[in-house]
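File shown here: data.txt, holding compact mmCIF, N, CA and C atoms.
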# COMPACT_ATOMS: atom_id res chain seq x y z
N MET N 173 3.55 -11.39 -16.48
CA MET N 173 4.42 -11.52 -15.33
C MET N 173 5.60 -12.39 -15.72
N LEU N 174 6.77 -11.95 -15.38
CA LEU N 174 7.98 -12.73 -15.60
C LEU N 174 8.35 -13.43 -14.31
N GLY N 175 9.28 -14.34 -14.39
CA GLY N 175 9.75 -14.99 -13.18
C GLY N 175 8.84 -16.12 -12.74
N TRP N 176 8.99 -16.51 -11.47
CA TRP N 176 8.26 -17.66 -10.93
C TRP N 176 6.89 -17.26 -10.42
N GLY N 177 6.78 -16.09 -9.79
CA GLY N 177 5.49 -15.69 -9.24
C GLY N 177 5.51 -14.29 -8.67
N LYS N 178 4.33 -13.80 -8.38
CA LYS N 178 4.16 -12.47 -7.81
C LYS N 178 3.96 -12.59 -6.31
N HIS N 179 4.66 -11.72 -5.56
CA HIS N 179 4.54 -11.66 -4.10
C HIS N 179 4.11 -10.24 -3.76
N LEU N 180 2.87 -10.10 -3.31
CA LEU N 180 2.34 -8.80 -2.91
C LEU N 180 2.41 -8.70 -1.40
N ILE N 181 3.04 -7.65 -0.92
CA ILE N 181 3.22 -7.40 0.51
C ILE N 181 2.42 -6.15 0.87
N LEU N 182 1.51 -6.29 1.83
CA LEU N 182 0.66 -5.18 2.24
C LEU N 182 0.88 -4.89 3.72
N ASP N 183 1.13 -3.64 4.06
CA ASP N 183 1.23 -3.18 5.44
C ASP N 183 0.04 -2.24 5.68
N LEU N 184 -0.78 -2.56 6.66
CA LEU N 184 -1.97 -1.79 6.99
C LEU N 184 -1.77 -1.15 8.36
N LYS N 185 -2.10 0.11 8.48
CA LYS N 185 -1.99 0.83 9.74
C LYS N 185 -3.35 1.41 10.11
N LYS N 186 -3.62 1.44 11.42
CA LYS N 186 -4.85 2.00 11.97
C LYS N 186 -6.09 1.34 11.35
N CYS N 187 -6.13 0.01 11.43
CA CYS N 187 -7.31 -0.73 10.99
C CYS N 187 -8.42 -0.59 12.04
N SER N 188 -9.63 -0.95 11.65
CA SER N 188 -10.73 -0.98 12.60
C SER N 188 -10.43 -2.05 13.65
N PRO N 189 -10.34 -1.68 14.93
CA PRO N 189 -10.02 -2.65 15.97
C PRO N 189 -10.97 -3.85 16.01
N ALA N 190 -12.25 -3.60 15.89
CA ALA N 190 -13.22 -4.71 15.96
C ALA N 190 -13.04 -5.67 14.79
N LEU N 191 -12.70 -5.16 13.62
CA LEU N 191 -12.61 -6.01 12.43
C LEU N 191 -11.39 -6.93 12.46
N ILE N 192 -10.26 -6.46 12.98
CA ILE N 192 -9.07 -7.32 13.01
C ILE N 192 -9.07 -8.27 14.20
N ARG N 193 -10.06 -8.14 15.08
CA ARG N 193 -10.18 -9.02 16.25
C ARG N 193 -11.30 -10.05 16.09
N CYS N 194 -11.83 -10.16 14.89
CA CYS N 194 -12.96 -11.06 14.64
C CYS N 194 -12.51 -12.22 13.74
N PRO N 195 -12.36 -13.43 14.30
CA PRO N 195 -11.89 -14.55 13.48
C PRO N 195 -12.83 -14.89 12.32
N ASN N 196 -14.13 -14.71 12.51
CA ASN N 196 -15.06 -14.98 11.41
C ASN N 196 -14.89 -13.99 10.28
N ARG N 197 -14.61 -12.74 10.62
CA ARG N 197 -14.36 -11.71 9.61
C ARG N 197 -13.08 -12.04 8.82
N ILE N 198 -12.06 -12.50 9.52
CA ILE N 198 -10.79 -12.84 8.88
C ILE N 198 -10.97 -14.04 7.94
N LYS N 199 -11.74 -15.04 8.36
CA LYS N 199 -12.03 -16.19 7.49
C LYS N 199 -12.83 -15.76 6.26
N SER N 200 -13.80 -14.90 6.47
CA SER N 200 -14.60 -14.39 5.35
C SER N 200 -13.73 -13.60 4.37
N PHE N 201 -12.82 -12.78 4.92
CA PHE N 201 -11.87 -12.05 4.08
C PHE N 201 -11.08 -13.01 3.20
N SER N 202 -10.57 -14.07 3.79
CA SER N 202 -9.77 -15.04 3.05
C SER N 202 -10.57 -15.65 1.90
N ARG N 203 -11.77 -16.09 2.20
CA ARG N 203 -12.62 -16.71 1.17
C ARG N 203 -12.94 -15.73 0.05
N HIS N 204 -13.27 -14.50 0.42
CA HIS N 204 -13.61 -13.48 -0.58
C HIS N 204 -12.39 -13.13 -1.43
N LEU N 205 -11.23 -12.99 -0.80
CA LEU N 205 -10.02 -12.67 -1.54
C LEU N 205 -9.68 -13.77 -2.54
N VAL N 206 -9.74 -15.01 -2.12
CA VAL N 206 -9.45 -16.13 -3.02
C VAL N 206 -10.36 -16.07 -4.25
N GLU N 207 -11.64 -15.82 -4.01
CA GLU N 207 -12.60 -15.72 -5.12
C GLU N 207 -12.30 -14.51 -6.01
N LYS N 208 -12.05 -13.36 -5.39
CA LYS N 208 -11.84 -12.12 -6.14
C LYS N 208 -10.64 -12.20 -7.08
N ILE N 209 -9.55 -12.83 -6.63
CA ILE N 209 -8.35 -12.89 -7.46
C ILE N 209 -8.28 -14.19 -8.27
N ASP N 210 -9.40 -14.91 -8.31
CA ASP N 210 -9.56 -16.09 -9.17
C ASP N 210 -8.55 -17.19 -8.86
N MET N 211 -8.45 -17.50 -7.57
CA MET N 211 -7.59 -18.58 -7.13
C MET N 211 -8.45 -19.75 -6.66
N ILE N 212 -7.81 -20.85 -6.34
CA ILE N 212 -8.51 -22.02 -5.82
C ILE N 212 -7.93 -22.33 -4.44
N ALA N 213 -8.79 -22.26 -3.43
CA ALA N 213 -8.35 -22.55 -2.06
C ALA N 213 -8.05 -24.03 -1.92
N TYR N 214 -7.01 -24.32 -1.18
CA TYR N 214 -6.65 -25.69 -0.85
C TYR N 214 -6.97 -25.86 0.63
N GLY N 215 -8.17 -26.32 0.92
CA GLY N 215 -8.61 -26.43 2.29
C GLY N 215 -9.19 -25.13 2.81
N GLU N 216 -9.59 -25.19 4.06
CA GLU N 216 -10.19 -24.03 4.73
C GLU N 216 -9.10 -23.09 5.25
N PRO N 217 -9.42 -21.80 5.42
CA PRO N 217 -8.45 -20.89 6.04
C PRO N 217 -8.22 -21.30 7.49
N TRP N 218 -6.98 -21.19 7.92
CA TRP N 218 -6.59 -21.47 9.30
C TRP N 218 -6.40 -20.12 9.97
N VAL N 219 -7.13 -19.88 11.04
CA VAL N 219 -7.04 -18.62 11.78
C VAL N 219 -6.85 -18.96 13.25
N LYS N 220 -5.80 -18.41 13.84
CA LYS N 220 -5.46 -18.73 15.23
C LYS N 220 -4.98 -17.46 15.93
N HIS N 221 -5.46 -17.24 17.15
CA HIS N 221 -5.01 -16.12 17.98
C HIS N 221 -3.88 -16.60 18.87
N PHE N 222 -2.78 -15.87 18.87
CA PHE N 222 -1.67 -16.21 19.76
C PHE N 222 -0.72 -15.04 19.88
N GLY N 223 0.31 -15.21 20.70
CA GLY N 223 1.29 -14.16 20.93
C GLY N 223 0.96 -13.37 22.18
N THR N 224 1.94 -12.58 22.62
CA THR N 224 1.77 -11.73 23.79
C THR N 224 2.29 -10.34 23.46
N GLY N 225 1.89 -9.37 24.28
CA GLY N 225 2.37 -8.00 24.09
C GLY N 225 2.05 -7.47 22.71
N ASN N 226 3.01 -6.81 22.10
CA ASN N 226 2.77 -6.20 20.79
C ASN N 226 2.71 -7.22 19.66
N LYS N 227 2.92 -8.48 19.96
CA LYS N 227 2.84 -9.53 18.94
C LYS N 227 1.48 -10.24 18.94
N ALA N 228 0.63 -9.99 19.94
CA ALA N 228 -0.65 -10.68 20.07
C ALA N 228 -1.60 -10.31 18.94
N GLY N 229 -2.30 -11.33 18.45
CA GLY N 229 -3.30 -11.10 17.42
C GLY N 229 -3.59 -12.37 16.65
N TYR N 230 -4.47 -12.24 15.70
CA TYR N 230 -4.82 -13.38 14.85
C TYR N 230 -3.82 -13.52 13.71
N THR N 231 -3.56 -14.77 13.34
CA THR N 231 -2.77 -15.08 12.15
C THR N 231 -3.64 -15.92 11.23
N LEU N 232 -3.54 -15.63 9.94
CA LEU N 232 -4.28 -16.34 8.90
C LEU N 232 -3.31 -17.07 7.99
N VAL N 233 -3.61 -18.32 7.70
CA VAL N 233 -2.89 -19.08 6.68
C VAL N 233 -3.94 -19.67 5.75
N GLN N 234 -3.84 -19.34 4.47
CA GLN N 234 -4.72 -19.92 3.46
C GLN N 234 -3.86 -20.45 2.32
N LEU N 235 -3.83 -21.75 2.18
CA LEU N 235 -3.13 -22.32 1.04
C LEU N 235 -4.00 -22.17 -0.20
N ILE N 236 -3.37 -21.86 -1.30
CA ILE N 236 -4.05 -21.83 -2.59
C ILE N 236 -3.27 -22.74 -3.53
N GLU N 237 -3.91 -23.22 -4.56
CA GLU N 237 -3.24 -24.19 -5.44
C GLU N 237 -1.94 -23.65 -6.02
N THR N 238 -1.85 -22.33 -6.15
CA THR N 238 -0.66 -21.74 -6.74
C THR N 238 0.29 -21.15 -5.71
N SER N 239 -0.01 -21.25 -4.41
CA SER N 239 0.90 -20.88 -3.32
C SER N 239 0.13 -20.58 -2.04
N ASN N 240 0.14 -19.29 -1.56
CA ASN N 240 -0.48 -19.03 -0.26
C ASN N 240 -0.84 -17.57 -0.04
N ILE N 241 -1.71 -17.39 0.97
CA ILE N 241 -2.07 -16.08 1.50
C ILE N 241 -1.81 -16.17 3.00
N MET N 242 -1.04 -15.24 3.52
CA MET N 242 -0.68 -15.23 4.94
C MET N 242 -0.96 -13.82 5.49
N ALA N 243 -1.35 -13.77 6.76
CA ALA N 243 -1.58 -12.46 7.38
C ALA N 243 -1.41 -12.55 8.88
N HIS N 244 -0.98 -11.44 9.47
CA HIS N 244 -0.98 -11.32 10.93
C HIS N 244 -1.58 -9.96 11.28
N PHE N 245 -2.47 -9.98 12.26
CA PHE N 245 -3.19 -8.79 12.70
C PHE N 245 -2.71 -8.45 14.11
N ALA N 246 -1.97 -7.35 14.25
CA ALA N 246 -1.36 -6.96 15.52
C ALA N 246 -2.33 -6.05 16.29
N GLU N 247 -2.80 -6.57 17.42
CA GLU N 247 -3.82 -5.86 18.19
C GLU N 247 -3.30 -4.62 18.91
N GLU N 248 -2.04 -4.62 19.30
CA GLU N 248 -1.51 -3.50 20.09
C GLU N 248 -1.67 -2.16 19.36
N ASP N 249 -1.40 -2.15 18.06
CA ASP N 249 -1.50 -0.88 17.32
C ASP N 249 -2.48 -0.96 16.14
N ASN N 250 -3.30 -2.02 16.10
CA ASN N 250 -4.32 -2.18 15.05
C ASN N 250 -3.72 -2.16 13.65
N SER N 251 -2.59 -2.83 13.52
CA SER N 251 -1.96 -2.95 12.21
C SER N 251 -2.15 -4.36 11.67
N ALA N 252 -1.86 -4.54 10.40
CA ALA N 252 -1.95 -5.86 9.78
C ALA N 252 -0.87 -5.97 8.71
N TYR N 253 -0.42 -7.19 8.54
CA TYR N 253 0.65 -7.48 7.59
C TYR N 253 0.20 -8.68 6.76
N ILE N 254 -0.02 -8.46 5.47
CA ILE N 254 -0.62 -9.46 4.61
C ILE N 254 0.31 -9.74 3.43
N ASP N 255 0.48 -11.03 3.12
CA ASP N 255 1.29 -11.46 1.97
C ASP N 255 0.43 -12.34 1.07
N VAL N 256 0.47 -12.05 -0.21
CA VAL N 256 -0.18 -12.90 -1.21
C VAL N 256 0.89 -13.31 -2.20
N PHE N 257 1.13 -14.62 -2.31
CA PHE N 257 2.13 -15.12 -3.25
C PHE N 257 1.48 -16.16 -4.15
N SER N 258 1.70 -16.01 -5.47
CA SER N 258 1.13 -16.96 -6.41
C SER N 258 1.95 -16.99 -7.69
N CYS N 259 2.09 -18.20 -8.24
CA CYS N 259 2.72 -18.31 -9.55
C CYS N 259 1.70 -18.03 -10.66
N LYS N 260 0.43 -17.88 -10.29
CA LYS N 260 -0.61 -17.41 -11.21
C LYS N 260 -0.76 -15.92 -10.96
N ASP N 261 -0.78 -15.14 -12.02
CA ASP N 261 -0.86 -13.69 -11.87
C ASP N 261 -2.20 -13.27 -11.26
N PHE N 262 -2.20 -12.12 -10.60
CA PHE N 262 -3.40 -11.54 -10.02
C PHE N 262 -3.23 -10.02 -10.02
N LYS N 263 -4.33 -9.31 -9.84
CA LYS N 263 -4.30 -7.85 -9.85
C LYS N 263 -4.12 -7.30 -8.44
N LYS N 264 -3.09 -6.51 -8.27
CA LYS N 264 -2.79 -5.86 -7.00
C LYS N 264 -3.98 -5.02 -6.53
N THR N 265 -4.62 -4.32 -7.45
CA THR N 265 -5.73 -3.43 -7.09
C THR N 265 -6.92 -4.21 -6.53
N GLU N 266 -7.13 -5.43 -7.00
CA GLU N 266 -8.23 -6.24 -6.48
C GLU N 266 -7.96 -6.66 -5.03
N VAL N 267 -6.71 -6.99 -4.74
CA VAL N 267 -6.35 -7.34 -3.36
C VAL N 267 -6.53 -6.12 -2.47
N GLU N 268 -6.04 -4.97 -2.90
CA GLU N 268 -6.17 -3.74 -2.11
C GLU N 268 -7.64 -3.41 -1.83
N GLU N 269 -8.49 -3.60 -2.80
CA GLU N 269 -9.92 -3.32 -2.65
C GLU N 269 -10.54 -4.21 -1.56
N VAL N 270 -10.24 -5.50 -1.60
CA VAL N 270 -10.79 -6.42 -0.60
C VAL N 270 -10.26 -6.07 0.79
N VAL N 271 -8.97 -5.79 0.89
CA VAL N 271 -8.35 -5.42 2.17
C VAL N 271 -9.02 -4.17 2.74
N GLN N 272 -9.20 -3.16 1.90
CA GLN N 272 -9.85 -1.92 2.35
C GLN N 272 -11.26 -2.19 2.88
N ASN N 273 -12.02 -2.98 2.14
CA ASN N 273 -13.40 -3.26 2.53
C ASN N 273 -13.51 -4.06 3.82
N TYR N 274 -12.58 -4.96 4.06
CA TYR N 274 -12.68 -5.84 5.22
C TYR N 274 -12.09 -5.26 6.50
N PHE N 275 -11.04 -4.45 6.39
CA PHE N 275 -10.34 -4.01 7.61
C PHE N 275 -10.26 -2.50 7.80
N LYS N 276 -10.68 -1.73 6.81
CA LYS N 276 -10.77 -0.27 6.91
C LYS N 276 -9.50 0.41 7.43
N PRO N 277 -8.33 0.10 6.85
CA PRO N 277 -7.11 0.77 7.33
C PRO N 277 -7.10 2.25 6.92
N GLU N 278 -6.53 3.07 7.79
CA GLU N 278 -6.34 4.48 7.43
C GLU N 278 -5.16 4.63 6.47
N HIS N 279 -4.19 3.72 6.57
CA HIS N 279 -3.01 3.76 5.70
C HIS N 279 -2.75 2.36 5.16
N LEU N 280 -2.43 2.31 3.87
CA LEU N 280 -2.14 1.05 3.21
C LEU N 280 -0.91 1.25 2.32
N HIS N 281 0.12 0.45 2.57
CA HIS N 281 1.34 0.51 1.77
C HIS N 281 1.57 -0.86 1.16
N THR N 282 1.84 -0.89 -0.14
CA THR N 282 2.07 -2.18 -0.81
C THR N 282 3.40 -2.18 -1.54
N ARG N 283 3.93 -3.40 -1.67
CA ARG N 283 5.12 -3.64 -2.48
C ARG N 283 4.88 -4.91 -3.28
N VAL N 284 5.39 -4.92 -4.50
CA VAL N 284 5.28 -6.11 -5.33
C VAL N 284 6.67 -6.61 -5.65
N LEU N 285 6.87 -7.89 -5.41
CA LEU N 285 8.13 -8.55 -5.80
C LEU N 285 7.79 -9.60 -6.84
N ILE N 286 8.60 -9.67 -7.87
CA ILE N 286 8.49 -10.77 -8.82
C ILE N 286 9.57 -11.76 -8.44
N ARG N 287 9.15 -12.94 -8.00
CA ARG N 287 10.07 -13.95 -7.49
C ARG N 287 10.67 -14.75 -8.63
N GLY N 288 11.92 -15.17 -8.44
CA GLY N 288 12.57 -16.05 -9.40
C GLY N 288 13.17 -15.39 -10.61
N LEU N 289 13.33 -14.06 -10.57
CA LEU N 289 13.99 -13.38 -11.68
C LEU N 289 15.47 -13.68 -11.66
N LYS N 290 16.05 -13.77 -12.83
CA LYS N 290 17.49 -14.01 -12.92
C LYS N 290 18.24 -12.72 -13.13
Written as structure tokens, that's how I'd like the structure from this file.
Amino acid sequence: MLGWGKHLILDLKKCSPALIRCPNRIKSFSRHLVEKIDMIAYGEPWVKHFGTGNKAGYTLVQLIETSNIMAHFAEEDNSAYIDVFSCKDFKKTEVEEVVQNYFKPEHLHTRVLIRGLK
């Protein structure tokens, strides 16, 4: 990997409604993902439900020693938006595998940005 770090952006559509509405499932996802991509969590995952209308849902913040994992789960249309950023490299396919197993999206779109390129 060149640059400062890898930023993986995942857009999930038509997730399992029950799975994205379960704070314990979201915390478990965070812990499993950190382990799977060989990162070190800095504290516990923070999961909070807030927002109204099409913005309502759980948000996840997990600090890792090399940066962060962030996610928002939109209940109105059962979508999710997940970002993994780290200056330590990780495998995109491993993140996709964990996401698929935890939230069962019908559609998954990913983009990778290498941050800090000149």
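Taking atom C of Leu184 in chain N and atom C of Glu248 in chain N as the two end points, the separation is 11.0 Å.
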Q. Taking into account all atoms listed in the file, which residue in the set N:Phe275, N:Phe257, N:Trp218, N:Phe245 is nearest to Lys199 in chain N?
A.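 The answer is N:Trp218, which sits nearest to Lys199 in chain N.
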Q | Atom-to-atom span, atom C of Arg203 in chain N and atom N of Pro217 in chain N, Å | A | 8.8 Å
Q | DSSP strand (DSSP E) residues within range 188-279 of chain N, listed as a ChimeraX atom specification | A | /N:218-222,229-236,239-246,251-258,279
Q) Which residue, N:Phe262, N:Tyr274, N:Trp176, N:Phe222, has the smallest gap to Ala190 in chain N when you use only C-alpha atoms? A) N:Tyr274
Q: To one decimal in Å, tell me the separation between CA of Ala246 in chain N and CA of Cys259 in chain N.
A: 27.8 Å
Q: Pick out the closest residue to Asn226 in chain N from this set: N:Asp249, N:His279, N:Ala213, N:Asn240. Count all atoms listed in the file.
A: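 Among the listed residues, N:Asp249 lies closest to Asn226 in chain N.
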Counting only C-alpha atoms, I want the residues whose atoms come within 10 Å of (0.3, -10.3, 3.7) in the file frame, returned as a PDB file with N, CA and C atoms, in the frame of the given file.
ATOM      1  N   HIS N 179       4.660 -11.720  -5.560  1.00  0.00           N
ATOM      2  CA  HIS N 179       4.540 -11.660  -4.100  1.00  0.00           C
ATOM      3  C   HIS N 179       4.110 -10.240  -3.760  1.00  0.00           C
ATOM      4  N   LEU N 180       2.870 -10.100  -3.310  1.00  0.00           N
ATOM      5  CA  LEU N 180       2.340  -8.800  -2.910  1.00  0.00           C
ATOM      6  C   LEU N 180       2.410  -8.700  -1.400  1.00  0.00           C
ATOM      7  N   ILE N 181       3.040  -7.650  -0.920  1.00  0.00           N
ATOM      8  CA  ILE N 181       3.220  -7.400   0.510  1.00  0.00           C
ATOM      9  C   ILE N 181       2.420  -6.150   0.870  1.00  0.00           C
ATOM     10  N   LEU N 182       1.510  -6.290   1.830  1.00  0.00           N
ATOM     11  CA  LEU N 182       0.660  -5.180   2.240  1.00  0.00           C
ATOM     12  C   LEU N 182       0.880  -4.890   3.720  1.00  0.00           C
ATOM     13  N   ASP N 183       1.130  -3.640   4.060  1.00  0.00           N
ATOM     14  CA  ASP N 183       1.230  -3.180   5.440  1.00  0.00           C
ATOM     15  C   ASP N 183       0.040  -2.240   5.680  1.00  0.00           C
ATOM     16  N   LEU N 184      -0.780  -2.560   6.660  1.00  0.00           N
ATOM     17  CA  LEU N 184      -1.970  -1.790   6.990  1.00  0.00           C
ATOM     18  C   LEU N 184      -1.770  -1.150   8.360  1.00  0.00           C
ATOM     19  N   LEU N 232      -3.540 -15.630   9.940  1.00  0.00           N
ATOM     20  CA  LEU N 232      -4.280 -16.340   8.900  1.00  0.00           C
ATOM     21  C   LEU N 232      -3.310 -17.070   7.990  1.00  0.00           C
ATOM     22  N   VAL N 233      -3.610 -18.320   7.700  1.00  0.00           N
ATOM     23  CA  VAL N 233      -2.890 -19.080   6.680  1.00  0.00           C
ATOM     24  C   VAL N 233      -3.940 -19.670   5.750  1.00  0.00           C
ATOM     25  N   ASN N 240       0.140 -19.290  -1.560  1.00  0.00           N
ATOM     26  CA  ASN N 240      -0.480 -19.030  -0.260  1.00  0.00           C
ATOM     27  C   ASN N 240      -0.840 -17.570  -0.040  1.00  0.00           C
ATOM     28  N   ILE N 241      -1.710 -17.390   0.970  1.00  0.00           N
ATOM     29  CA  ILE N 241      -2.070 -16.080   1.500  1.00  0.00           C
ATOM     30  C   ILE N 241      -1.810 -16.170   3.000  1.00  0.00           C
ATOM     31  N   MET N 242      -1.040 -15.240   3.520  1.00  0.00           N
ATOM     32  CA  MET N 242      -0.680 -15.230   4.940  1.00  0.00           C
ATOM     33  C   MET N 242      -0.960 -13.820   5.490  1.00  0.00           C
ATOM     34  N   ALA N 243      -1.350 -13.770   6.760  1.00  0.00           N
ATOM     35  CA  ALA N 243      -1.580 -12.460   7.380  1.00  0.00           C
ATOM     36  C   ALA N 243      -1.410 -12.550   8.880  1.00  0.00           C
ATOM     37  N   HIS N 244      -0.980 -11.440   9.470  1.00  0.00           N
ATOM     38  CA  HIS N 244      -0.980 -11.320  10.930  1.00  0.00           C
ATOM     39  C   HIS N 244      -1.580  -9.960  11.280  1.00  0.00           C
ATOM     40  N   PHE N 245      -2.470  -9.980  12.260  1.00  0.00           N
ATOM     41  CA  PHE N 245      -3.190  -8.790  12.700  1.00  0.00           C
ATOM     42  C   PHE N 245      -2.710  -8.450  14.110  1.00  0.00           C
ATOM     43  N   ALA N 252      -1.860  -4.540  10.400  1.00  0.00           N
ATOM     44  CA  ALA N 252      -1.950  -5.860   9.780  1.00  0.00           C
ATOM     45  C   ALA N 252      -0.870  -5.970   8.710  1.00  0.00           C
ATOM     46  N   TYR N 253      -0.420  -7.190   8.540  1.00  0.00           N
ATOM     47  CA  TYR N 253       0.650  -7.480   7.590  1.00  0.00           C
ATOM     48  C   TYR N 253       0.200  -8.680   6.760  1.00  0.00           C
ATOM     49  N   ILE N 254      -0.020  -8.460   5.470  1.00  0.00           N
ATOM     50  CA  ILE N 254      -0.620  -9.460   4.610  1.00  0.00           C
ATOM     51  C   ILE N 254       0.310  -9.740   3.430  1.00  0.00           C
ATOM     52  N   ASP N 255       0.480 -11.030   3.120  1.00  0.00           N
ATOM     53  CA  ASP N 255       1.290 -11.460   1.970  1.00  0.00           C
ATOM     54  C   ASP N 255       0.430 -12.340   1.070  1.00  0.00           C
ATOM     55  N   VAL N 256       0.470 -12.050  -0.210  1.00  0.00           N
ATOM     56  CA  VAL N 256      -0.180 -12.900  -1.210  1.00  0.00           C
ATOM     57  C   VAL N 256       0.890 -13.310  -2.200  1.00  0.00           C
ATOM     58  N   PHE N 257       1.130 -14.620  -2.310  1.00  0.00           N
ATOM     59  CA  PHE N 257       2.130 -15.120  -3.250  1.00  0.00           C
ATOM     60  C   PHE N 257       1.480 -16.160  -4.150  1.00  0.00           C
ATOM     61  N   THR N 282       1.840  -0.890  -0.140  1.00  0.00           N
ATOM     62  CA  THR N 282       2.070  -2.180  -0.810  1.00  0.00           C
ATOM     63  C   THR N 282       3.400  -2.180  -1.540  1.00  0.00           C
TER      64      THR N 282
END
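Closest approach to Val270 in chain N among N:Arg193, N:Arg287, N:Lys220, N:His204: N:His204, based on all atoms listed in the file.
Nearest residue to Ser188 in chain N, choosing from N:Val284, N:Phe201, N:Ser251, N:Ser258 and counting all atoms listed in the file: N:Ser251.
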Q: Tell me which of N:Thr265, N:His281, N:Ile198, N:Lys178 sits closest to Thr238 in chain N, counting only C-alpha atoms.
A: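 Smallest separation from Thr238 in chain N among the options: N:Lys178.
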Where atoms are missing, can you supply N, CA, C and O atoms for range 199-211 of chain N and output the lot as a short mmCIF file (atom, residue, chain, number, x, y, z; two decimals), in the coordinates of the input?
data_model
loop_
_atom_site.label_atom_id
_atom_site.label_comp_id
_atom_site.auth_asym_id
_atom_site.auth_seq_id
_atom_site.Cartn_x
_atom_site.Cartn_y
_atom_site.Cartn_z
N LYS N 199 -11.74 -15.04 8.36
CA LYS N 199 -12.03 -16.19 7.49
C LYS N 199 -12.83 -15.76 6.26
O LYS N 199 -12.56 -16.21 5.14
N SER N 200 -13.80 -14.90 6.47
CA SER N 200 -14.60 -14.39 5.35
C SER N 200 -13.73 -13.60 4.37
O SER N 200 -13.87 -13.73 3.15
N PHE N 201 -12.82 -12.78 4.92
CA PHE N 201 -11.87 -12.05 4.08
C PHE N 201 -11.08 -13.01 3.20
O PHE N 201 -10.94 -12.80 1.99
N SER N 202 -10.57 -14.07 3.79
CA SER N 202 -9.77 -15.04 3.05
C SER N 202 -10.57 -15.65 1.90
O SER N 202 -10.10 -15.71 0.75
N ARG N 203 -11.77 -16.09 2.20
CA ARG N 203 -12.62 -16.71 1.17
C ARG N 203 -12.94 -15.73 0.05
O ARG N 203 -12.90 -16.08 -1.13
N HIS N 204 -13.27 -14.50 0.42
CA HIS N 204 -13.61 -13.48 -0.58
C HIS N 204 -12.39 -13.13 -1.43
O HIS N 204 -12.50 -12.99 -2.65
N LEU N 205 -11.23 -12.99 -0.80
CA LEU N 205 -10.02 -12.67 -1.54
C LEU N 205 -9.68 -13.77 -2.54
O LEU N 205 -9.36 -13.47 -3.71
N VAL N 206 -9.74 -15.01 -2.12
CA VAL N 206 -9.45 -16.13 -3.02
C VAL N 206 -10.36 -16.07 -4.25
O VAL N 206 -9.91 -16.22 -5.38
N GLU N 207 -11.64 -15.82 -4.01
CA GLU N 207 -12.60 -15.72 -5.12
C GLU N 207 -12.30 -14.51 -6.01
O GLU N 207 -12.29 -14.63 -7.23
N LYS N 208 -12.05 -13.36 -5.39
CA LYS N 208 -11.84 -12.12 -6.14
C LYS N 208 -10.64 -12.20 -7.08
O LYS N 208 -10.69 -11.69 -8.20
N ILE N 209 -9.55 -12.83 -6.63
CA ILE N 209 -8.35 -12.89 -7.46
C ILE N 209 -8.28 -14.19 -8.27
O ILE N 209 -7.25 -14.51 -8.85
N ASP N 210 -9.40 -14.91 -8.31
CA ASP N 210 -9.56 -16.09 -9.17
C ASP N 210 -8.55 -17.19 -8.86
O ASP N 210 -7.89 -17.71 -9.74
N MET N 211 -8.45 -17.50 -7.57
CA MET N 211 -7.59 -18.58 -7.13
C MET N 211 -8.45 -19.75 -6.66
O MET N 211 -9.67 -19.64 -6.58
#
